[in-house]
file work_27.cif (mmCIF, C-alpha atoms)
data_work
#
loop_
_atom_site.label_atom_id
_atom_site.label_comp_id
_atom_site.auth_asym_id
_atom_site.auth_seq_id
_atom_site.Cartn_x
_atom_site.Cartn_y
_atom_site.Cartn_z
CA MET F 1 93.41 110.90 106.11
CA ASP F 2 96.27 109.50 104.09
CA GLY F 3 98.78 111.89 105.65
CA ILE F 4 102.51 111.84 106.31
CA HIS F 5 101.83 110.39 109.78
CA ASP F 6 100.85 107.04 108.23
CA LEU F 7 104.45 105.79 108.26
CA GLY F 8 104.03 101.99 108.48
CA GLY F 9 106.03 100.27 105.74
CA LYS F 10 107.49 103.44 104.21
CA GLN F 11 111.08 103.01 103.09
CA GLY F 12 114.11 105.29 103.11
CA PHE F 13 114.21 106.54 106.71
CA GLY F 14 117.43 104.68 107.49
CA HIS F 15 118.65 103.16 110.71
CA VAL F 16 117.14 103.67 114.17
CA GLU F 17 119.08 106.26 116.16
CA LEU F 18 119.46 104.80 119.67
CA ASP F 19 119.29 106.85 122.87
CA ALA F 20 121.64 106.52 125.84
CA SER F 21 119.24 104.18 127.62
CA SER F 22 119.20 101.74 124.67
CA LYS F 23 122.98 101.84 124.47
CA GLU F 24 123.61 101.39 128.19
CA GLY F 25 120.55 99.45 129.35
CA ARG F 26 119.96 101.75 132.31
CA HIS F 27 116.62 103.19 133.40
CA ILE F 28 116.90 106.68 131.95
CA HIS F 29 113.45 108.14 131.54
CA GLY F 30 111.35 111.27 131.79
CA PHE F 31 111.71 114.48 129.82
CA ASN F 32 114.99 115.32 128.07
CA GLU F 33 114.16 119.04 127.80
CA ARG F 34 112.04 121.44 129.86
CA TRP F 35 110.19 122.63 126.76
CA HIS F 36 109.01 119.05 126.12
CA ALA F 37 107.31 119.11 129.52
CA ALA F 38 105.92 122.57 128.74
CA VAL F 39 104.29 121.27 125.55
CA PHE F 40 102.99 118.21 127.44
CA THR F 41 101.44 120.53 130.04
CA ILE F 42 99.97 122.81 127.35
CA ILE F 43 98.22 119.75 125.85
CA ASN F 44 96.85 118.81 129.29
CA SER F 45 95.57 122.38 129.69
CA LEU F 46 93.75 122.15 126.33
CA PHE F 47 91.80 119.14 127.57
CA ALA F 48 90.98 121.05 130.74
CA ASN F 49 89.77 124.22 128.97
CA GLY F 50 87.95 122.40 126.16
CA ALA F 51 90.13 123.50 123.20
CA ALA F 52 90.89 119.78 122.76
CA ALA F 53 87.65 117.83 122.96
CA ASN F 54 89.20 114.37 123.29
CA THR F 55 92.30 112.32 122.46
CA ASP F 56 91.12 111.62 118.90
CA HIS F 57 90.59 115.33 118.24
CA PHE F 58 94.12 115.98 119.52
CA ARG F 59 95.68 113.16 117.46
CA HIS F 60 93.99 114.49 114.33
CA SER F 61 95.30 118.01 114.99
CA VAL F 62 98.82 116.55 114.96
CA GLU F 63 98.16 114.65 111.72
CA ARG F 64 97.04 117.90 110.09
CA ILE F 65 100.25 119.88 110.71
CA ASP F 66 102.50 120.79 107.80
CA PRO F 67 103.99 117.49 106.52
CA ILE F 68 107.52 118.91 106.32
CA ASN F 69 107.27 119.92 109.98
CA TYR F 70 105.82 116.52 110.84
CA LEU F 71 109.10 114.90 109.81
CA SER F 72 111.50 117.55 111.11
CA ASP F 73 110.07 118.98 114.36
CA GLY F 74 110.30 115.86 116.53
CA TYR F 75 107.56 114.43 118.73
CA TYR F 76 107.00 117.43 121.00
CA GLY F 77 107.35 119.76 118.01
CA ARG F 78 104.48 117.84 116.37
CA TRP F 79 102.43 118.15 119.56
CA LEU F 80 103.18 121.86 119.59
CA GLY F 81 101.83 122.17 116.03
CA GLY F 82 98.67 120.31 117.11
CA ALA F 83 98.30 122.49 120.23
CA GLU F 84 98.60 125.72 118.24
CA THR F 85 96.12 124.39 115.67
CA MET F 86 93.51 123.64 118.36
CA LEU F 87 94.08 126.92 120.24
CA VAL F 88 93.54 128.96 117.09
CA GLU F 89 90.53 126.86 116.05
CA ALA F 90 89.03 127.36 119.52
CA GLY F 91 89.47 131.14 119.14
CA LEU F 92 91.80 131.37 122.15
CA LEU F 93 94.66 132.99 120.24
CA THR F 94 95.80 133.87 116.72
CA GLN F 95 98.88 132.73 114.85
CA ASP F 96 99.92 136.37 114.52
CA GLU F 97 100.10 136.57 118.30
CA VAL F 98 102.48 133.59 118.39
CA ASN F 99 104.53 134.93 115.46
CA ASN F 100 104.86 138.33 117.13
CA ARG F 101 105.89 136.74 120.40
CA VAL F 102 108.64 134.77 118.63
CA LEU F 103 109.90 138.00 117.03
CA ASN F 104 109.61 139.96 120.32
CA LYS F 105 111.84 137.38 122.00
CA GLY F 106 114.50 138.25 119.44
CA TYR F 107 114.18 135.12 117.32
CA LYS F 108 113.81 134.84 113.56
CA LEU F 109 110.39 133.65 112.42
CA GLU F 110 110.88 130.21 110.86
CA THR F 111 108.66 128.97 108.08
CA PRO F 112 106.76 126.89 107.41
CA VAL F 113 104.86 127.06 110.67
CA ALA F 114 103.62 123.61 111.69
CA ALA F 115 100.10 124.56 112.79
CA ARG F 116 97.45 124.61 110.09
CA PRO F 117 94.21 125.73 111.71
CA LEU F 118 91.04 125.47 109.62
CA ALA F 119 88.90 128.55 109.05
CA SER F 120 85.80 126.41 109.67
CA PRO F 121 86.87 123.75 112.19
CA ASP F 122 84.71 120.86 113.37
CA VAL F 123 82.14 121.83 115.97
CA PHE F 124 82.04 119.79 119.19
CA PRO F 125 78.87 120.02 121.28
CA ALA F 126 79.57 121.17 124.85
CA GLU F 127 78.82 117.71 126.27
CA GLU F 128 81.51 116.24 124.02
CA ARG F 129 84.17 118.65 125.29
CA ASN F 130 84.50 116.34 128.23
CA PHE F 131 87.69 114.34 128.17
CA GLN F 132 86.95 110.70 129.05
CA PRO F 133 90.09 108.73 129.70
CA THR F 134 88.50 105.30 129.33
CA ALA F 135 87.50 104.53 125.78
CA GLN F 136 85.65 101.21 126.22
CA ARG F 137 81.85 101.46 126.06
CA PRO F 138 79.02 98.93 126.32
CA VAL F 139 76.94 98.42 123.15
CA ALA F 140 73.85 96.30 122.49
CA ALA F 141 74.94 94.93 119.11
CA PRO F 142 77.02 91.73 119.23
CA PRO F 143 80.40 91.70 117.45
CA ARG F 144 80.11 90.80 113.79
CA PHE F 145 83.34 88.79 113.72
CA SER F 146 84.80 86.05 115.93
CA VAL F 147 88.30 84.75 116.57
CA GLY F 148 89.42 82.83 113.48
CA ASP F 149 87.35 84.81 110.97
CA LYS F 150 89.08 85.99 107.79
CA VAL F 151 88.68 89.74 107.29
CA ILE F 152 89.83 92.42 104.89
CA ALA F 153 90.07 96.14 105.68
CA ARG F 154 89.12 98.87 103.25
CA SER F 155 89.63 102.61 103.52
CA LEU F 156 86.55 104.59 104.52
CA GLY F 157 87.96 107.43 102.40
CA GLY F 158 87.60 111.08 103.23
CA LEU F 159 89.96 113.62 104.76
CA GLY F 160 89.11 112.79 108.36
CA HIS F 161 90.83 110.96 111.18
CA THR F 162 91.14 107.19 110.95
CA ARG F 163 93.10 104.48 112.74
CA LEU F 164 93.35 102.23 109.69
CA PRO F 165 96.90 102.59 108.34
CA SER F 166 97.36 102.17 104.59
CA TYR F 167 99.80 99.24 104.75
CA VAL F 168 97.15 96.71 105.88
CA ARG F 169 94.37 97.80 103.52
CA ASP F 170 92.95 95.36 100.96
CA ILE F 171 94.99 92.45 102.33
CA PRO F 172 93.35 89.44 103.99
CA GLY F 173 93.99 88.92 107.69
CA GLN F 174 92.56 86.83 110.53
CA VAL F 175 90.86 87.91 113.75
CA ILE F 176 92.88 86.75 116.79
CA ALA F 177 91.18 88.78 119.56
CA VAL F 178 87.85 90.51 120.20
CA HIS F 179 88.08 93.49 122.58
CA GLY F 180 84.50 94.70 123.06
CA ALA F 181 83.26 98.09 121.84
CA TRP F 182 85.40 101.23 122.03
CA VAL F 183 84.91 104.90 121.15
CA PHE F 184 85.24 105.14 117.35
CA PRO F 185 88.07 107.60 116.57
CA ASP F 186 86.81 108.32 113.04
CA ALA F 187 83.63 109.89 114.53
CA ASN F 188 84.91 111.11 117.89
CA ALA F 189 87.71 113.21 116.34
CA HIS F 190 85.14 115.30 114.47
CA GLY F 191 82.42 116.07 117.01
CA LYS F 192 80.19 113.27 115.70
CA GLY F 193 79.84 111.55 119.06
CA GLU F 194 81.57 108.54 120.56
CA ASP F 195 79.73 106.09 118.27
CA PRO F 196 81.35 103.01 119.91
CA LYS F 197 82.32 100.13 117.61
CA HIS F 198 83.66 96.64 118.18
CA LEU F 199 87.43 96.38 118.13
CA TYR F 200 89.48 93.40 116.97
CA THR F 201 93.11 92.38 116.77
CA VAL F 202 93.76 91.21 113.22
CA CYS F 203 96.81 89.12 112.30
CA TYR F 204 98.57 89.47 108.94
CA GLN F 205 101.28 87.25 107.48
CA GLY F 206 104.42 89.17 106.55
CA ALA F 207 104.45 87.71 103.03
CA ASP F 208 100.85 88.87 102.44
CA LEU F 209 101.82 92.44 103.39
CA TRP F 210 105.24 92.72 101.76
CA GLY F 211 105.40 90.03 99.08
CA PRO F 212 108.44 87.93 98.33
CA SER F 213 110.78 90.46 99.96
CA ALA F 214 109.19 89.88 103.39
CA GLU F 215 111.37 88.50 106.17
CA GLU F 216 110.68 84.83 106.99
CA GLY F 217 108.51 83.94 109.98
CA VAL F 218 107.02 87.37 110.67
CA VAL F 219 103.42 88.22 111.55
CA LEU F 220 101.86 91.64 112.15
CA ASN F 221 99.06 92.13 114.67
CA ILE F 222 97.01 95.32 114.63
CA ASP F 223 93.83 96.60 116.33
CA LEU F 224 91.08 97.49 113.86
CA PHE F 225 87.53 98.77 114.30
CA GLU F 226 84.58 96.87 112.85
CA PRO F 227 83.54 99.52 110.25
CA TYR F 228 86.93 99.06 108.54
CA LEU F 229 86.41 95.31 108.10
CA SER F 230 84.68 93.10 105.56
CA ASP F 231 84.25 89.34 105.49
CA ALA F 232 87.24 88.06 103.50
CA SER F 233 85.66 84.67 102.90
CA LYS F 234 83.44 86.38 100.29
CA ASP F 235 84.87 87.31 96.91
CA TRP F 236 85.53 90.94 96.02
CA PHE F 237 82.25 91.45 94.15
CA GLU F 238 80.15 90.14 97.04
CA ARG F 239 82.05 92.39 99.47
CA LEU F 240 81.52 95.49 97.37
CA THR F 241 77.82 94.86 96.84
CA ASN F 242 76.75 93.42 100.20
CA ASP F 243 78.95 94.93 102.90
CA MET L 1 111.37 124.19 111.08
CA SER L 2 113.56 122.03 113.25
CA GLU L 3 113.45 120.87 116.85
CA LYS L 4 115.37 124.04 117.83
CA SER L 5 112.76 126.26 116.14
CA ALA L 6 110.01 124.21 117.76
CA ALA L 7 111.64 124.86 121.14
CA ILE L 8 111.59 128.62 120.46
CA ARG L 9 107.97 128.53 119.36
CA ALA L 10 107.05 126.46 122.44
CA GLU L 11 108.62 129.13 124.65
CA ALA L 12 106.60 131.82 122.85
CA LEU L 13 103.36 129.87 123.16
CA GLU L 14 103.97 129.08 126.83
CA SER L 15 104.48 132.75 127.77
CA LEU L 16 101.44 133.81 125.74
CA LEU L 17 99.19 131.21 127.39
CA VAL L 18 100.41 132.09 130.88
CA GLU L 19 99.59 135.77 130.23
CA LYS L 20 96.13 134.86 128.98
CA GLY L 21 95.46 132.76 132.06
CA LEU L 22 95.19 129.59 129.95
CA LEU L 23 98.22 127.88 131.48
CA ASP L 24 99.54 127.66 135.02
CA ALA L 25 103.34 127.46 134.72
CA ALA L 26 103.52 125.61 138.05
CA ARG L 27 101.81 122.64 136.38
CA ILE L 28 104.91 122.17 134.18
CA ASP L 29 106.95 121.39 137.29
CA ASP L 30 104.26 118.92 138.43
CA VAL L 31 104.42 117.15 135.06
CA LEU L 32 108.25 117.04 135.20
CA THR L 33 108.17 115.55 138.70
CA LEU L 34 105.52 112.97 137.81
CA TYR L 35 107.22 111.59 134.69
CA ASN L 36 110.81 112.04 135.86
CA GLU L 37 110.30 110.42 139.26
CA ARG L 38 107.22 108.25 139.56
CA VAL L 39 106.29 107.08 136.04
CA GLY L 40 108.91 105.05 134.21
CA PRO L 41 110.08 101.60 133.12
CA MET L 42 110.81 100.62 136.73
CA ASN L 43 107.07 100.00 137.04
CA GLY L 44 107.03 97.54 134.12
CA ALA L 45 110.26 95.97 135.38
CA MET L 46 108.60 95.37 138.75
CA LEU L 47 105.75 93.53 136.96
CA VAL L 48 108.19 91.39 134.97
CA ALA L 49 110.25 90.51 138.07
CA LYS L 50 107.10 89.57 139.95
CA ALA L 51 105.85 87.46 137.03
CA TRP L 52 109.16 85.57 136.91
CA ARG L 53 108.95 84.78 140.64
CA ASP L 54 105.19 84.23 141.05
CA ALA L 55 103.59 81.81 138.60
CA GLN L 56 100.06 82.79 139.61
CA PHE L 57 100.76 86.49 139.01
CA LYS L 58 102.34 85.67 135.65
CA GLN L 59 99.23 83.74 134.63
CA GLN L 60 97.01 86.70 135.66
CA LEU L 61 99.25 89.21 133.88
CA LEU L 62 99.09 87.27 130.60
CA ALA L 63 95.36 86.48 130.89
CA ASP L 64 94.17 90.01 131.81
CA GLY L 65 96.93 92.60 132.13
CA THR L 66 94.51 95.40 132.99
CA ALA L 67 93.11 93.52 136.01
CA ALA L 68 96.52 92.21 137.09
CA ILE L 69 98.06 95.70 137.38
CA ALA L 70 94.99 97.43 138.91
CA GLN L 71 96.31 96.73 142.45
CA PHE L 72 99.39 98.92 141.81
CA ALA L 73 97.40 102.07 140.84
CA PHE L 74 100.16 103.24 138.50
CA GLU L 75 99.99 106.91 137.51
CA GLY L 76 100.76 108.29 134.07
CA GLY L 77 97.82 107.20 131.92
CA GLN L 78 97.62 105.53 128.52
CA VAL L 79 96.63 102.05 129.66
CA ASP L 80 92.86 101.72 129.28
CA LYS L 81 93.56 98.10 128.39
CA LEU L 82 96.92 96.42 128.87
CA VAL L 83 97.83 93.27 126.96
CA VAL L 84 101.08 91.58 128.02
CA VAL L 85 102.64 89.27 125.42
CA GLU L 86 105.20 86.65 126.41
CA ASN L 87 108.48 85.98 124.67
CA THR L 88 109.45 82.32 124.45
CA ALA L 89 112.03 80.25 122.62
CA GLN L 90 109.49 79.99 119.78
CA VAL L 91 108.05 83.53 119.67
CA HIS L 92 109.55 87.02 119.97
CA ASN L 93 107.19 90.01 120.31
CA VAL L 94 107.93 93.65 119.47
CA VAL L 95 105.67 96.72 119.87
CA VAL L 96 105.20 99.84 117.73
CA CYS L 97 102.64 102.54 116.91
CA THR L 98 102.97 103.41 113.21
CA LEU L 99 100.28 106.15 113.19
CA CYS L 100 101.49 108.21 116.17
CA SER L 101 103.48 106.95 119.13
CA CYS L 102 101.03 105.10 121.41
CA TYR L 103 102.89 103.57 124.34
CA PRO L 104 101.90 102.20 127.78
CA TRP L 105 103.03 105.23 129.79
CA ALA L 106 101.77 103.90 133.14
CA VAL L 107 104.06 100.86 133.01
CA LEU L 108 106.97 102.01 130.81
CA GLY L 109 106.98 105.82 131.23
CA LEU L 110 107.34 108.20 128.32
CA PRO L 111 108.57 106.56 125.12
CA PRO L 112 112.20 106.94 123.99
CA LYS L 113 112.89 109.30 121.09
CA TRP L 114 113.64 106.48 118.65
CA TYR L 115 110.19 104.92 119.32
CA LYS L 116 108.59 108.16 118.02
CA ASP L 117 110.95 108.72 115.09
CA PRO L 118 110.01 107.82 111.48
CA ALA L 119 112.80 105.21 111.11
CA TYR L 120 111.42 102.86 113.78
CA ARG L 121 107.73 103.48 113.04
CA SER L 122 108.12 102.89 109.31
CA ARG L 123 110.52 99.95 109.31
CA VAL L 124 109.68 97.68 112.22
CA VAL L 125 106.40 96.47 110.69
CA ARG L 126 108.16 95.65 107.43
CA GLU L 127 111.53 94.25 108.47
CA PRO L 128 111.50 93.68 112.24
CA ARG L 129 114.48 91.30 112.21
CA ALA L 130 116.63 93.92 110.43
CA VAL L 131 115.44 96.72 112.75
CA LEU L 132 116.28 94.65 115.82
CA THR L 133 119.87 94.32 114.58
CA ASP L 134 120.10 98.15 114.93
CA PHE L 135 119.70 97.42 118.67
CA GLY L 136 122.27 94.61 118.55
CA THR L 137 119.51 92.01 118.77
CA HIS L 138 119.87 89.01 116.45
CA LEU L 139 116.95 86.58 116.56
CA PRO L 140 117.31 82.95 115.47
CA ALA L 141 115.54 82.22 112.17
CA GLU L 142 113.34 79.57 113.82
CA GLN L 143 111.88 82.10 116.30
CA GLU L 144 108.66 83.64 114.96
CA VAL L 145 108.50 87.44 115.18
CA ARG L 146 105.18 89.03 116.14
CA VAL L 147 104.93 92.78 115.62
CA TRP L 148 102.11 94.57 117.48
CA ASP L 149 100.96 97.89 115.94
CA SER L 150 99.10 99.78 118.72
CA SER L 151 96.50 101.43 116.49
CA ALA L 152 93.65 101.73 119.05
CA GLU L 153 93.56 102.19 122.86
CA VAL L 154 94.89 98.71 123.72
CA ARG L 155 98.47 99.04 124.96
CA TYR L 156 101.05 96.27 124.64
CA MET L 157 103.97 95.30 126.84
CA VAL L 158 106.39 92.43 126.30
CA LEU L 159 107.18 89.92 129.04
CA PRO L 160 110.82 89.11 128.21
CA MET L 161 112.48 85.75 128.80
CA GLN L 162 114.55 85.51 131.98
CA PRO L 163 118.22 84.97 131.15
CA LYS L 164 119.98 81.91 132.45
CA GLY L 165 121.84 82.76 135.64
CA TRP L 166 119.27 85.22 137.02
CA ASP L 167 117.34 82.57 138.99
CA ALA L 168 118.95 83.44 142.31
CA LEU L 169 118.31 87.19 142.07
CA SER L 170 115.62 88.83 144.20
CA GLU L 171 112.77 90.82 142.65
CA ASP L 172 114.47 94.07 143.75
CA GLU L 173 117.74 93.03 142.12
CA LEU L 174 115.91 92.06 138.93
CA VAL L 175 114.13 95.43 138.62
CA ASN L 176 117.47 97.15 137.98
CA LYS L 177 118.41 94.63 135.29
CA ILE L 178 115.14 94.44 133.33
CA THR L 179 115.45 97.10 130.63
CA ARG L 180 112.84 99.29 129.00
CA ASP L 181 113.91 97.97 125.59
CA SER L 182 113.29 94.34 126.61
CA MET L 183 109.68 95.27 127.46
CA ILE L 184 109.21 97.01 124.08
CA GLY L 185 110.72 93.91 122.49
CA VAL L 186 113.79 95.34 120.77
CA GLU L 187 116.22 93.67 123.17
CA VAL L 188 116.74 90.13 124.45
CA LEU L 189 117.95 90.29 128.04
CA ALA L 190 121.39 88.89 128.79
CA GLU L 191 124.25 89.67 131.10
CA ARG L 192 125.93 92.82 129.77
CA ALA L 193 129.73 92.93 129.59
CA GLY L 194 131.22 94.14 132.85
CA GLU L 195 128.32 93.00 135.04
#
call {"tool": "encode", "arguments": {"input": "work_27.cif", "output": "structure tokens"}}
result
Amino acid sequence: MDGIHDLGGKQGFGHVELDASSKEGRHIHGFNERWHAAVFTIINSLFANGAAANTDHFRHSVERIDPINYLSDGYYGRWLGGAETMLVEAGLLTQDEVNNRVLNKGYKLETPVAARPLASPDVFPAEERNFQPTAQRPVAAPPRFSVGDKVIARSLGGLGHTRLPSYVRDIPGQVIAVHGAWVFPDANAHGKGEDPKHLYTVCYQGADLWGPSAEEGVVLNIDLFEPYLSDASKDWFERLTND
Amino acid sequence: MSEKSAAIRAEALESLLVEKGLLDAARIDDVLTLYNERVGPMNGAMLVAKAWRDAQFKQQLLADGTAAIAQFAFEGGQVDKLVVVENTAQVHNVVVCTLCSCYPWAVLGLPPKWYKDPAYRSRVVREPRAVLTDFGTHLPAEQEVRVWDSSAEVRYMVLPMQPKGWDALSEDELVNKITRDSMIGVEVLAERAGE
């Protein structure tokens, strides 16, 4: 989906706000707040109880939260919105229960609420509610592209999950690595099976992505799945009619 | 909402899930201990220090990062496949995830806040040289910049260049000097003032 999460190349967000570790160069790590760890643990529990079927399902639940919240709630706030979305969609609680609990604790109910559960969520067969940490899978079909091939990525459209950001679409790039077949997020996020596809690293020249305003001597490498890619050595009409 | 409201809502959700038997609150302490004590950039720094001192390990790390780190059995997840990219006088690498905040937890720990914020995710693919100046990093014009957008399950880590003058340091001494930011690629290692 072309949601607010697709931030690559967007302008106007200003300077990077450094943390203490970046300023001082020391190894400061881990959780800054207890509630961050609580949200992290809640997400882990969703994988354990099946409310989150897999990582792609979870990532898509975060993409679907209210776009205003996406920008203002911070990373663990976004995860919280995704967690609440999946819990409600799995029928494990209602948003009224969470709202009432906020009020019972003496807090004001803030709106908008990040979570946006669907009335008719995707259905995941029981065998797919089985979190598999390794996403590489053997497939019989050989990869369509090789290192050095010129490719172009086009949107598959639709409202679903995808790992093709908008800033590289319709721009020619070159394959620099072939990674074997991996679980295809566009299918796996929606209960349509793992449907493994070949994965490539594609290299783009900065000037091709950003035009004359691009910085000199910059390339962008990104991992893209085979269904996103067409053969860029063909002209646009051949691609549209034969791919 | 805001992060403060999110914190309040998280507290509400946590108590509700505990009551329903869907969450064991003791697991939160386990997660805190794991990521605060055992998973962090000291693991990546150990790999970098070893690569600087052991040419064969460096070659393995760059050729197949996943296989090279298997022996250490790092906890923390998020490295189904690790690709380590080397900074040289000619090439500087920097890592991002524009679509969410993918990051090699097992070797670098949890990502810093700025890595997950819109400013870094939006800008570093478009104007990496300018973004690096936010970190005080100024790259020479003749050094190519390679930005890696982690859009699938491959995770990237940068092997920084060893500063002049660090040759005599032991691997243990190096681990404390190799920063998280140098392994993300937003910093070029050098002696800091006062060291």
call {"tool": "closest_residue", "arguments": {"input": "work_27.cif", "among": "L:Glu14, L:Glu171, L:Glu75, L:Asp64", "to": "chain F", "atoms": "only C-alpha atoms"}}
result
L:Glu14
call {"tool": "residues_around", "arguments": {"input": "work_27.cif", "residues": "region 37-53 of chain F", "least_positions_apart": "6", "cutoff": "10 Å", "atoms": "only C-alpha atoms", "output": "PyMOL selection string"}}
result
(chain F and resi 30-31+59+61+76-92+123-132+188-191) or (chain L and resi 7+10-11+13-14+17-18+22-33+35)
call {"tool": "resolve_selection", "arguments": {"input": "work_27.cif", "expression": "the PyMOL selection byres ((chain L and resi 100) around 9)", "output": "mmCIF file with C-alpha atoms, in the frame of the given file"}}
result
data_model
loop_
_atom_site.group_PDB
_atom_site.id
_atom_site.type_symbol
_atom_site.label_atom_id
_atom_site.label_comp_id
_atom_site.auth_asym_id
_atom_site.auth_seq_id
_atom_site.Cartn_x
_atom_site.Cartn_y
_atom_site.Cartn_z
ATOM 1 C CA HIS F 5 101.830 110.390 109.780
ATOM 2 C CA ASP F 6 100.850 107.040 108.230
ATOM 3 C CA LEU F 7 104.450 105.790 108.260
ATOM 4 C CA ARG F 59 95.680 113.160 117.460
ATOM 5 C CA VAL F 62 98.820 116.550 114.960
ATOM 6 C CA GLU F 63 98.160 114.650 111.720
ATOM 7 C CA CYS L 97 102.640 102.540 116.910
ATOM 8 C CA THR L 98 102.970 103.410 113.210
ATOM 9 C CA LEU L 99 100.280 106.150 113.190
ATOM 10 C CA SER L 101 103.480 106.950 119.130
ATOM 11 C CA CYS L 102 101.030 105.100 121.410
ATOM 12 C CA LYS L 116 108.590 108.160 118.020
ATOM 13 C CA ARG L 121 107.730 103.480 113.040
ATOM 14 C CA SER L 151 96.500 101.430 116.490
#
call {"tool": "closest_residue", "arguments": {"input": "work_27.cif", "among": "F:Ala207, F:Val219, F:Ile171, F:Ile65", "to": "chain L", "atoms": "all atoms listed in the file"}}
result
F:Val219
call {"tool": "atom_distance", "arguments": {"input": "work_27.cif", "atom1": "CA of Ala141 (chain F)", "atom2": "CA of Gly180 (chain F)"}}
result
10.3 Å
call {"tool": "resolve_selection", "arguments": {"input": "work_27.cif", "expression": "the PyMOL selection byres ((chain L and resi 128) around 12)", "output": "PyMOL selection string"}}
result
(chain F and resi 8-9+15-16+206+214-220) or (chain L and resi 92-96+119-127+129-135+137-139+144-149+185-187)
call {"tool": "closest_residue", "arguments": {"input": "work_27.cif", "among": "F:Pro143, F:Pro185, F:Gly148, F:Gly157", "to": "chain L", "atoms": "all atoms listed in the file"}}
result
F:Pro185
call {"tool": "closest_residue", "arguments": {"input": "work_27.cif", "among": "F:Arg169, F:Arg34, F:Lys105, F:Arg64", "to": "Met1 (chain F)", "atoms": "only C-alpha atoms"}}
result
F:Arg64
call {"tool": "residues_around", "arguments": {"input": "work_27.cif", "residues": "Leu169 (chain L)", "least_positions_apart": "4", "cutoff": "12 Å", "atoms": "only C-alpha atoms", "output": "list in words"}}
result
Ala49, Lys50, Trp52, Arg53, Gln162, Pro163, Lys164, Gly165, Glu173, Leu174, Val175, Asn176, Lys177 and Ile178 of chain L
call {"tool": "resolve_selection", "arguments": {"input": "work_27.cif", "expression": "the PyMOL selection byres ((chain L and resi 84) around 9)", "output": "JSON, numbers by chain"}}
result
{"L": [61, 62, 63, 64, 65, 82, 83, 85, 86, 155, 156, 157, 158, 159]}
call {"tool": "atom_distance", "arguments": {"input": "work_27.cif", "atom1": "CA of Gly76 (chain L)", "atom2": "CA of Ala106 (chain L)"}}
result
4.6 Å
call {"tool": "atom_distance", "arguments": {"input": "work_27.cif", "atom1": "CA of Ala190 (chain L)", "atom2": "CA of Ala141 (chain L)"}}
result
18.8 Å
